[in-house]
file target.txt (compact mmCIF, C-alpha atoms)
# COMPACT_ATOMS: atom_id res chain seq x y z
CA MET A 1 0.00 0.00 0.00
CA LYS A 2 1.32 3.43 -0.92
CA THR A 3 1.66 6.07 1.75
CA LEU A 4 -1.18 8.52 1.59
CA ASN A 5 -0.21 12.15 1.70
CA LEU A 6 -3.12 13.78 3.49
CA SER A 7 -3.03 17.53 4.03
CA PRO A 8 -4.99 19.51 6.62
CA LEU A 9 -7.55 22.05 5.50
CA LYS A 10 -10.50 23.80 7.09
CA LYS A 11 -14.01 23.08 5.87
CA LEU A 12 -16.53 25.89 6.10
CA GLU A 13 -20.21 25.05 6.04
CA ILE A 14 -22.14 28.25 5.48
CA ILE A 15 -25.87 27.86 6.09
CA MET A 16 -27.88 30.86 4.90
CA GLU A 17 -30.91 31.95 2.92
CA GLY A 18 -30.52 31.05 -0.73
CA VAL A 19 -31.56 34.53 -1.82
CA HIS A 20 -28.15 35.76 -0.66
CA LYS A 21 -26.16 33.10 -2.51
CA ASP A 22 -24.48 35.53 -4.89
CA PHE A 23 -23.23 37.67 -2.02
CA ALA A 24 -21.63 34.61 -0.47
CA THR A 25 -20.08 33.16 -3.61
CA ASP A 26 -18.74 36.58 -4.62
CA LEU A 27 -17.13 36.93 -1.19
CA LEU A 28 -15.63 33.45 -1.50
CA ASP A 29 -14.35 34.13 -5.01
CA ARG A 30 -12.70 37.38 -3.92
CA SER A 31 -11.14 35.55 -0.94
CA GLY A 32 -9.28 33.24 -3.28
CA VAL A 33 -11.43 30.16 -2.83
CA LYS A 34 -10.97 27.76 -5.73
CA GLY A 35 -14.28 25.96 -5.56
CA TYR A 36 -17.35 25.30 -3.53
CA THR A 37 -20.34 23.01 -3.40
CA ILE A 38 -23.89 24.11 -2.64
CA VAL A 39 -26.57 21.96 -1.04
CA GLY A 40 -29.92 23.52 -1.83
CA ASN A 41 -33.45 23.22 -0.70
CA LEU A 42 -32.83 22.84 3.02
CA SER A 43 -35.31 23.44 5.78
CA GLY A 44 -34.55 24.47 9.29
CA LYS A 45 -35.34 26.27 12.45
CA GLY A 46 -33.23 29.01 13.93
CA SER A 47 -33.30 32.24 15.81
CA HIS A 48 -35.40 33.83 13.07
CA GLY A 49 -38.17 31.20 13.05
CA ILE A 50 -38.97 28.13 11.02
CA TYR A 51 -37.95 27.65 7.43
CA ASP A 52 -39.57 25.10 5.20
CA GLY A 53 -37.73 23.80 2.20
CA HIS A 54 -39.89 22.59 -0.61
CA VAL A 55 -39.06 21.59 -4.13
CA MET A 56 -39.51 24.63 -6.31
CA PHE A 57 -37.96 25.97 -9.46
CA ASN A 58 -36.46 28.97 -7.74
CA GLU A 59 -34.39 27.39 -5.01
CA ASP A 60 -33.16 30.84 -3.98
CA ASP A 61 -36.21 31.03 -1.73
CA VAL A 62 -34.97 28.48 0.77
CA LEU A 63 -31.93 27.76 2.89
CA ILE A 64 -28.71 26.59 1.31
CA MET A 65 -25.46 25.23 2.66
CA ILE A 66 -22.28 26.28 0.90
CA ILE A 67 -19.41 23.86 1.53
CA VAL A 68 -15.87 25.06 0.94
CA ALA A 69 -12.44 23.72 1.89
CA VAL A 70 -9.73 26.32 2.41
CA PRO A 71 -6.23 26.66 3.83
CA GLU A 72 -6.31 27.78 7.45
CA GLU A 73 -5.07 31.28 6.63
CA LEU A 74 -8.21 31.97 4.60
CA VAL A 75 -10.57 31.29 7.49
CA PRO A 76 -10.20 34.63 9.32
CA PRO A 77 -10.71 36.89 6.29
CA ILE A 78 -13.70 34.86 5.11
CA LEU A 79 -15.36 34.86 8.55
CA GLU A 80 -14.69 38.57 8.91
CA GLY A 81 -16.19 39.15 5.50
CA PHE A 82 -19.35 37.35 6.54
CA ALA A 83 -19.59 38.91 10.01
CA PRO A 84 -21.54 42.07 9.05
CA PHE A 85 -23.87 39.97 6.92
CA PHE A 86 -24.71 37.57 9.75
CA GLU A 87 -25.37 40.51 12.07
CA LYS A 88 -28.41 41.16 9.92
CA HIS A 89 -29.34 37.84 8.36
CA THR A 90 -30.16 34.31 9.44
CA GLY A 91 -27.37 31.80 9.17
CA VAL A 92 -24.29 30.23 10.64
CA VAL A 93 -20.82 29.13 9.62
CA PHE A 94 -19.37 25.87 10.95
CA VAL A 95 -15.57 25.45 10.82
CA THR A 96 -14.24 21.87 10.80
CA ASP A 97 -10.75 20.38 10.54
CA ILE A 98 -10.54 18.10 7.53
CA GLN A 99 -7.92 16.34 5.48
CA VAL A 100 -7.68 16.02 1.73
CA SER A 101 -5.43 13.93 -0.44
CA ARG A 102 -5.13 16.32 -3.37
CA LEU A 103 -4.09 19.71 -2.05
CA VAL A 104 -3.56 21.17 -5.52
CA LYS A 105 -7.31 21.58 -5.87
CA PHE A 106 -7.48 23.98 -2.92
CA LYS A 107 -4.30 26.07 -3.01
CA ASN A 108 -2.98 28.44 -5.61
CA MET B 1 -7.23 42.07 10.85
CA LYS B 2 -9.32 41.61 13.98
CA THR B 3 -8.79 38.57 16.15
CA LEU B 4 -11.44 35.96 15.50
CA ASN B 5 -13.08 34.57 18.57
CA LEU B 6 -13.91 31.01 17.58
CA SER B 7 -15.71 28.81 20.08
CA PRO B 8 -15.83 25.02 20.10
CA LEU B 9 -19.13 23.21 19.66
CA LYS B 10 -20.20 19.73 18.68
CA LYS B 11 -22.01 19.14 15.41
CA LEU B 12 -24.49 16.30 15.30
CA GLU B 13 -25.51 14.90 11.93
CA ILE B 14 -28.55 12.72 12.44
CA ILE B 15 -29.37 10.58 9.40
CA MET B 16 -32.76 8.91 9.65
CA GLU B 17 -36.01 8.20 7.82
CA GLY B 18 -37.89 11.42 7.17
CA VAL B 19 -41.11 9.92 8.47
CA HIS B 20 -39.68 10.22 11.98
CA LYS B 21 -38.62 13.87 11.61
CA ASP B 22 -41.08 15.17 14.22
CA PHE B 23 -39.82 12.73 16.83
CA ALA B 24 -36.30 13.99 16.25
CA THR B 25 -37.04 17.69 16.21
CA ASP B 26 -39.24 17.38 19.31
CA LEU B 27 -36.39 15.62 21.10
CA LEU B 28 -33.96 18.33 20.01
CA ASP B 29 -36.33 21.11 21.07
CA ARG B 30 -36.82 19.56 24.49
CA SER B 31 -33.04 19.18 24.84
CA GLY B 32 -32.59 22.93 24.54
CA VAL B 33 -31.30 23.05 20.99
CA LYS B 34 -31.76 26.53 19.52
CA GLY B 35 -31.88 25.62 15.85
CA TYR B 36 -31.28 22.94 13.29
CA THR B 37 -31.01 22.47 9.57
CA ILE B 38 -32.53 19.59 7.64
CA VAL B 39 -31.20 18.18 4.39
CA GLY B 40 -34.00 16.25 2.74
CA ASN B 41 -34.41 13.80 -0.04
CA LEU B 42 -31.33 11.71 0.58
CA SER B 43 -30.73 8.21 -0.66
CA GLY B 44 -28.57 5.62 0.96
CA LYS B 45 -27.71 2.10 1.81
CA GLY B 46 -27.45 0.76 5.31
CA SER B 47 -28.02 -2.23 7.49
CA HIS B 48 -31.72 -2.17 6.60
CA GLY B 49 -31.29 -2.28 2.84
CA ILE B 50 -31.24 0.28 0.07
CA TYR B 51 -33.10 3.56 0.17
CA ASP B 52 -33.81 5.56 -2.92
CA GLY B 53 -34.43 9.24 -2.64
CA HIS B 54 -36.57 10.75 -5.34
CA VAL B 55 -38.17 14.12 -5.69
CA MET B 56 -41.67 13.83 -4.33
CA PHE B 57 -44.14 16.11 -2.63
CA ASN B 58 -44.04 14.20 0.62
CA GLU B 59 -40.35 14.21 1.49
CA ASP B 60 -41.14 12.34 4.70
CA ASP B 61 -40.82 9.14 2.70
CA VAL B 62 -37.07 9.38 2.29
CA LEU B 63 -33.97 9.80 4.37
CA ILE B 64 -33.12 13.13 5.93
CA MET B 65 -30.07 14.51 7.70
CA ILE B 66 -30.68 16.85 10.62
CA ILE B 67 -27.67 19.05 11.33
CA VAL B 68 -27.40 20.69 14.74
CA ALA B 69 -24.58 22.42 16.61
CA VAL B 70 -24.67 22.15 20.37
CA PRO B 71 -22.49 22.77 23.43
CA GLU B 72 -20.62 19.62 24.47
CA GLU B 73 -22.78 19.09 27.54
CA LEU B 74 -25.86 18.57 25.38
CA VAL B 75 -24.35 15.67 23.43
CA PRO B 76 -24.87 12.91 26.04
CA PRO B 77 -28.55 13.65 26.76
CA ILE B 78 -29.35 13.98 23.07
CA LEU B 79 -27.60 10.71 22.16
CA GLU B 80 -29.25 8.95 25.06
CA GLY B 81 -32.60 10.30 23.92
CA PHE B 82 -32.05 8.86 20.46
CA ALA B 83 -30.63 5.52 21.65
CA PRO B 84 -33.94 3.62 22.05
CA PHE B 85 -35.13 4.98 18.71
CA PHE B 86 -32.05 3.77 16.84
CA GLU B 87 -32.40 0.34 18.42
CA LYS B 88 -35.51 -0.04 16.31
CA HIS B 89 -35.02 2.25 13.32
CA THR B 90 -32.49 2.84 10.57
CA GLY B 91 -30.11 5.70 11.08
CA VAL B 92 -26.94 7.01 12.59
CA VAL B 93 -25.62 10.04 14.44
CA PHE B 94 -22.19 11.47 13.62
CA VAL B 95 -20.54 13.71 16.24
CA THR B 96 -17.91 16.17 14.98
CA ASP B 97 -15.86 18.88 16.67
CA ILE B 98 -16.54 22.24 15.06
CA GLN B 99 -15.92 25.89 15.75
CA VAL B 100 -18.28 28.80 15.32
CA SER B 101 -17.70 32.52 15.50
CA ARG B 102 -21.05 33.53 16.96
CA LEU B 103 -21.70 31.44 20.03
CA VAL B 104 -24.79 33.40 21.02
CA LYS B 105 -26.76 31.54 18.37
CA PHE B 106 -26.16 28.20 20.07
CA LYS B 107 -26.21 28.82 23.81
CA ASN B 108 -28.93 30.12 26.06
CA MET C 1 -26.86 9.81 33.25
CA LYS C 2 -25.28 6.75 31.68
CA THR C 3 -21.75 6.95 30.35
CA LEU C 4 -21.76 7.28 26.59
CA ASN C 5 -19.45 4.98 24.77
CA LEU C 6 -18.38 7.03 21.76
CA SER C 7 -16.04 5.45 19.23
CA PRO C 8 -13.85 7.26 16.73
CA LEU C 9 -14.41 6.80 13.01
CA LYS C 10 -13.46 8.68 9.88
CA LYS C 11 -16.14 10.35 7.78
CA LEU C 12 -15.53 10.58 4.06
CA GLU C 13 -17.46 13.13 2.05
CA ILE C 14 -17.03 12.31 -1.62
CA ILE C 15 -18.24 15.09 -3.91
CA MET C 16 -18.42 14.02 -7.55
CA GLU C 17 -20.56 13.99 -10.66
CA GLY C 18 -23.67 11.89 -10.14
CA VAL C 19 -23.13 10.08 -13.41
CA HIS C 20 -20.27 8.21 -11.75
CA LYS C 21 -22.25 7.19 -8.69
CA ASP C 22 -22.17 3.46 -9.45
CA PHE C 23 -18.39 3.48 -9.77
CA ALA C 24 -18.14 5.05 -6.33
CA THR C 25 -20.66 2.87 -4.54
CA ASP C 26 -19.16 -0.27 -6.11
CA LEU C 27 -15.73 0.79 -4.86
CA LEU C 28 -17.14 1.44 -1.39
CA ASP C 29 -18.97 -1.89 -1.33
CA ARG C 30 -15.83 -3.78 -2.34
CA SER C 31 -13.87 -1.90 0.35
CA GLY C 32 -16.10 -3.33 3.04
CA VAL C 33 -18.18 -0.23 3.73
CA LYS C 34 -21.44 -1.18 5.44
CA GLY C 35 -23.54 1.79 4.40
CA TYR C 36 -23.54 5.23 2.89
CA THR C 37 -25.78 8.21 2.41
CA ILE C 38 -26.03 10.24 -0.79
CA VAL C 39 -26.96 13.91 -1.00
CA GLY C 40 -28.10 14.60 -4.52
CA ASN C 41 -28.79 17.55 -6.70
CA LEU C 42 -25.89 19.74 -5.61
CA SER C 43 -24.46 22.65 -7.50
CA GLY C 44 -20.94 23.91 -7.33
CA LYS C 45 -17.92 25.50 -8.82
CA GLY C 46 -14.56 23.85 -9.10
CA SER C 47 -11.51 23.47 -11.22
CA HIS C 48 -13.64 22.22 -14.10
CA GLY C 49 -16.08 25.13 -14.19
CA ILE C 50 -19.51 25.83 -12.82
CA TYR C 51 -22.11 23.17 -12.14
CA ASP C 52 -25.76 23.98 -11.73
CA GLY C 53 -28.00 21.63 -9.82
CA HIS C 54 -31.61 21.67 -10.80
CA VAL C 55 -34.48 19.43 -9.88
CA MET C 56 -34.74 16.79 -12.55
CA PHE C 57 -35.83 13.19 -12.75
CA ASN C 58 -32.38 11.95 -13.61
CA GLU C 59 -30.29 13.24 -10.75
CA ASP C 60 -27.24 11.51 -12.21
CA ASP C 61 -26.64 14.68 -14.23
CA VAL C 62 -25.59 16.77 -11.29
CA LEU C 63 -23.14 16.67 -8.45
CA ILE C 64 -23.66 14.35 -5.52
CA MET C 65 -22.02 13.97 -2.13
CA ILE C 66 -21.59 10.45 -0.81
CA ILE C 67 -21.20 10.37 2.98
CA VAL C 68 -19.65 7.32 4.57
CA ALA C 69 -18.24 6.55 8.02
CA VAL C 70 -15.45 4.01 8.17
CA PRO C 71 -12.81 2.65 10.55
CA GLU C 72 -9.50 4.45 10.08
CA GLU C 73 -7.87 1.46 8.42
CA LEU C 74 -10.30 1.68 5.50
CA VAL C 75 -9.37 5.26 4.61
CA PRO C 76 -6.11 4.53 2.72
CA PRO C 77 -7.49 1.78 0.46
CA ILE C 78 -10.61 3.81 -0.33
CA LEU C 79 -8.64 6.97 -1.16
CA GLU C 80 -6.20 4.96 -3.25
CA GLY C 81 -9.12 3.37 -5.05
CA PHE C 82 -10.49 6.80 -5.93
CA ALA C 83 -7.12 8.37 -6.83
CA PRO C 84 -7.03 7.34 -10.52
CA PHE C 85 -10.65 8.41 -10.92
CA PHE C 86 -10.05 11.90 -9.53
CA GLU C 87 -7.03 12.31 -11.81
CA LYS C 88 -9.54 12.40 -14.66
CA HIS C 89 -12.79 13.61 -13.12
CA THR C 90 -14.08 16.54 -11.09
CA GLY C 91 -14.46 15.96 -7.41
CA VAL C 92 -12.92 15.86 -4.00
CA VAL C 93 -12.88 13.72 -0.88
CA PHE C 94 -12.95 15.33 2.57
CA VAL C 95 -11.77 13.22 5.53
CA THR C 96 -13.08 14.22 8.99
CA ASP C 97 -12.66 12.73 12.45
CA ILE C 98 -16.04 11.84 13.90
CA GLN C 99 -17.46 9.85 16.77
CA VAL C 100 -20.39 7.48 16.76
CA SER C 101 -22.24 5.79 19.58
CA ARG C 102 -23.13 2.56 17.82
CA LEU C 103 -19.97 1.12 16.33
CA VAL C 104 -21.65 -2.15 15.32
CA LYS C 105 -23.21 -0.36 12.33
CA PHE C 106 -19.81 0.42 10.84
CA LYS C 107 -17.56 -2.53 11.58
CA ASN C 108 -17.80 -6.16 10.56
call {"tool": "encode", "arguments": {"input": "target.txt", "output": "structure tokens"}}
result
Amino acid sequence: MKTLNLSPLKKLEIIMEGVHKDFATDLLDRSGVKGYTIVGNLSGKGSHGIYDGHVMFNEDDVLIMIIVAVPEELVPPILEGFAPFFEKHTGVVFVTDIQVSRLVKFKN
Amino acid sequence: MKTLNLSPLKKLEIIMEGVHKDFATDLLDRSGVKGYTIVGNLSGKGSHGIYDGHVMFNEDDVLIMIIVAVPEELVPPILEGFAPFFEKHTGVVFVTDIQVSRLVKFKN
Amino acid sequence: MKTLNLSPLKKLEIIMEGVHKDFATDLLDRSGVKGYTIVGNLSGKGSHGIYDGHVMFNEDDVLIMIIVAVPEELVPPILEGFAPFFEKHTGVVFVTDIQVSRLVKFKN
């Protein structure tokens, strides 16, 4: 068996209203993020009440989760970029330690 | 750059049949959880066979994943609350260490 | 309160094009994985461009995330099994430390 070369990264899971998706992906793009994945059509309950996700053509109306893996040094600027937004809007960001085997996909 | 004040929490990912969603969210509410997010319409394979997720109006028929972030002290009572349920029903709970920047959303 | 008996596992989150789902689940089955959960209908942006997830009957056309929890010793063979695939195809695998309370569901 070959030795696996796993590298540490941070995974951000950004849960927010889908209507603000472009704000979030623009912020991520400007932060140097190389890619992200979006889970749509979520439902949930939070400090702003209950959200129901239903299948609809315009998924911007419901909650989404944007998943992104970044080098540790990108976490502070991204979280600071989102801070004013989350002062006003529903949502959270979870930060998790992960490992990936192909670092080239995440670093410039 | 301001110093980020990240706080540790535990993320629970509860994967279960959607038909039992109310049992799970009631248990979480009674445990003092302040919010959760639900990913619907999953498919999967587990010890009870193969589940196919398809787009349907009643998403209770398929697997869901309930995502919740809680202080560490809430993990044991929540897992103990789910234990009898998972003796009889398909599903799992994953516990992960995470960090969040806005602890007020998760603690009373 | 009873003492919880949490056991460490590794969670793999495999994000890939849904059209290759059977390749991935076959590889997981042959690796000894006892179950997995699939989140369908994702959208994303990565090194191969922008992917849009829309609700459609054939969800194989969009990105999926396969979630699987495995004992640590299964991580290297699974990642090595996927390595040639990800040389040619879009996608990533995130590895995360998790804990579960019912280890019997994940080990033979």
call {"tool": "closest_atom_pairs", "arguments": {"input": "target.txt", "of": "chain A", "to": "chain C", "cutoff": "7 Å", "atoms": "only C-alpha atoms", "output": "JSON lines"}}
result
{"residue": "A:Leu4", "atom": "CA", "partner": "C:Pro76", "partner_atom": "CA", "distance": 6.4}
{"residue": "A:Lys34", "atom": "CA", "partner": "C:Gly46", "partner_atom": "CA", "distance": 6.3}
{"residue": "A:Gly35", "atom": "CA", "partner": "C:Gly46", "partner_atom": "CA", "distance": 4.1}
{"residue": "A:Tyr36", "atom": "CA", "partner": "C:Lys45", "partner_atom": "CA", "distance": 5.3}
{"residue": "A:Thr37", "atom": "CA", "partner": "C:Gly44", "partner_atom": "CA", "distance": 4.1}
{"residue": "A:Ile38", "atom": "CA", "partner": "C:Ser43", "partner_atom": "CA", "distance": 5.1}
{"residue": "A:Val39", "atom": "CA", "partner": "C:Leu42", "partner_atom": "CA", "distance": 5.1}
{"residue": "A:Gly40", "atom": "CA", "partner": "C:Leu42", "partner_atom": "CA", "distance": 6.7}
{"residue": "A:Asp97", "atom": "CA", "partner": "C:Thr96", "partner_atom": "CA", "distance": 6.8}
{"residue": "A:Ile98", "atom": "CA", "partner": "C:Thr96", "partner_atom": "CA", "distance": 4.9}
{"residue": "A:Gln99", "atom": "CA", "partner": "C:Val95", "partner_atom": "CA", "distance": 5.0}
{"residue": "A:Val100", "atom": "CA", "partner": "C:Phe94", "partner_atom": "CA", "distance": 5.4}
call {"tool": "atom_distance", "arguments": {"input": "target.txt", "atom1": "CA of Pro8 (chain A)", "atom2": "CA of Glu73 (chain A)"}}
result
11.8 Å
call {"tool": "atom_distance", "arguments": {"input": "target.txt", "atom1": "CA of Arg30 (chain C)", "atom2": "CA of Glu17 (chain C)"}}
result
20.2 Å
call {"tool": "atom_distance", "arguments": {"input": "target.txt", "atom1": "CA of Pro71 (chain A)", "atom2": "CA of Ser101 (chain B)"}}
result
17.4 Å
call {"tool": "axis_aligned_box", "arguments": {"input": "target.txt", "around": "region 29-41 of chain B", "padding_each_side": "5 Å", "output": "JSON"}}
result
{"center_x": -33.9, "center_y": 20.2, "center_z": 12.4, "size_x": 15.8, "size_y": 22.7, "size_z": 34.9}
call {"tool": "residues_around", "arguments": {"input": "target.txt", "residues": "Ser31 (chain C)", "least_positions_apart": "4", "cutoff": "9 Å", "atoms": "all atoms listed in the file", "output": "PyMOL selection string"}}
result
chain C and resi 26-27+74+77-78+81
call {"tool": "write_last_selection", "arguments": {"input": "target.txt", "atoms": "C-alpha atoms", "output": "PDB file, in the coordinates of the input"}}
result
ATOM      1  CA  ASP C  26     -19.160  -0.270  -6.110  1.00  0.00           C
ATOM      2  CA  LEU C  27     -15.730   0.790  -4.860  1.00  0.00           C
ATOM      3  CA  LEU C  74     -10.300   1.680   5.500  1.00  0.00           C
ATOM      4  CA  PRO C  77      -7.490   1.780   0.460  1.00  0.00           C
ATOM      5  CA  ILE C  78     -10.610   3.810  -0.330  1.00  0.00           C
ATOM      6  CA  GLY C  81      -9.120   3.370  -5.050  1.00  0.00           C
TER       7      GLY C  81
END
call {"tool": "build_atoms", "arguments": {"input": "target.txt", "residues": "region 6-16 of chain B", "atoms": "all heavy atoms", "output": "tab-separated table (two decimals), in the frame of the given file"}}
result
chain	number	residue	atom	x	y	z
B	6	LEU	N	-13.20	32.25	17.91
B	6	LEU	CA	-13.91	31.01	17.58
B	6	LEU	C	-14.15	30.17	18.83
B	6	LEU	O	-13.28	30.06	19.69
B	6	LEU	CB	-13.09	30.19	16.57
B	6	LEU	CG	-13.05	30.76	15.15
B	6	LEU	CD1	-12.11	29.95	14.27
B	6	LEU	CD2	-14.46	30.76	14.54
B	7	SER	N	-15.33	29.62	18.91
B	7	SER	CA	-15.71	28.81	20.08
B	7	SER	C	-16.00	27.38	19.64
B	7	SER	O	-16.62	27.16	18.60
B	7	SER	CB	-16.97	29.39	20.72
B	7	SER	OG	-16.77	30.75	21.05
B	8	PRO	N	-15.59	26.42	20.47
B	8	PRO	CA	-15.83	25.02	20.10
B	8	PRO	C	-17.26	24.59	20.39
B	8	PRO	O	-17.85	24.95	21.41
B	8	PRO	CB	-14.85	24.25	21.00
B	8	PRO	CG	-14.68	25.13	22.19
B	8	PRO	CD	-14.83	26.55	21.72
B	9	LEU	N	-17.82	23.84	19.48
B	9	LEU	CA	-19.13	23.21	19.66
B	9	LEU	C	-19.04	21.80	19.09
B	9	LEU	O	-18.04	21.42	18.50
B	9	LEU	CB	-20.22	23.99	18.91
B	9	LEU	CG	-20.71	25.32	19.49
B	9	LEU	CD1	-21.74	25.95	18.54
B	9	LEU	CD2	-21.36	25.12	20.86
B	10	LYS	N	-20.09	21.04	19.29
B	10	LYS	CA	-20.20	19.73	18.68
B	10	LYS	C	-21.29	19.79	17.61
B	10	LYS	O	-22.39	20.30	17.86
B	10	LYS	CB	-20.58	18.68	19.72
B	10	LYS	CG	-19.55	18.51	20.83
B	10	LYS	CD	-18.34	17.73	20.35
B	10	LYS	CE	-17.41	17.42	21.53
B	10	LYS	NZ	-16.23	16.65	21.10
B	11	LYS	N	-20.99	19.26	16.46
B	11	LYS	CA	-22.01	19.14	15.41
B	11	LYS	C	-22.55	17.72	15.40
B	11	LYS	O	-21.78	16.76	15.39
B	11	LYS	CB	-21.42	19.48	14.03
B	11	LYS	CG	-22.44	19.40	12.91
B	11	LYS	CD	-21.87	19.84	11.58
B	11	LYS	CE	-20.90	18.82	11.03
B	11	LYS	NZ	-20.51	19.10	9.62
B	12	LEU	N	-23.85	17.61	15.45
B	12	LEU	CA	-24.49	16.30	15.30
B	12	LEU	C	-25.11	16.23	13.91
B	12	LEU	O	-25.82	17.16	13.49
B	12	LEU	CB	-25.59	16.10	16.35
B	12	LEU	CG	-25.18	16.25	17.82
B	12	LEU	CD1	-26.38	15.97	18.73
B	12	LEU	CD2	-24.03	15.33	18.17
B	13	GLU	N	-24.85	15.16	13.22
B	13	GLU	CA	-25.51	14.90	11.93
B	13	GLU	C	-26.33	13.63	12.12
B	13	GLU	O	-25.78	12.54	12.28
B	13	GLU	CB	-24.47	14.74	10.83
B	13	GLU	CG	-23.74	16.04	10.53
B	13	GLU	CD	-22.53	15.87	9.63
B	13	GLU	OE1	-21.67	15.00	9.93
B	13	GLU	OE2	-22.43	16.61	8.62
B	14	ILE	N	-27.62	13.81	12.15
B	14	ILE	CA	-28.55	12.72	12.44
B	14	ILE	C	-29.18	12.29	11.13
B	14	ILE	O	-29.96	13.03	10.53
B	14	ILE	CB	-29.64	13.18	13.43
B	14	ILE	CG1	-29.00	13.74	14.70
B	14	ILE	CG2	-30.61	12.04	13.74
B	14	ILE	CD1	-29.92	14.66	15.50
B	15	ILE	N	-28.83	11.10	10.66
B	15	ILE	CA	-29.37	10.58	9.40
B	15	ILE	C	-30.43	9.55	9.75
B	15	ILE	O	-30.17	8.59	10.48
B	15	ILE	CB	-28.26	9.96	8.54
B	15	ILE	CG1	-27.23	11.04	8.18
B	15	ILE	CG2	-28.85	9.33	7.27
B	15	ILE	CD1	-25.99	10.51	7.47
B	16	MET	N	-31.64	9.76	9.25
B	16	MET	CA	-32.76	8.91	9.65
B	16	MET	C	-33.86	8.98	8.59
B	16	MET	O	-33.80	9.80	7.68
B	16	MET	CB	-33.33	9.39	10.99
B	16	MET	CG	-33.88	10.81	10.93
B	16	MET	SD	-34.35	11.49	12.56
B	16	MET	CE	-35.59	10.30	13.05
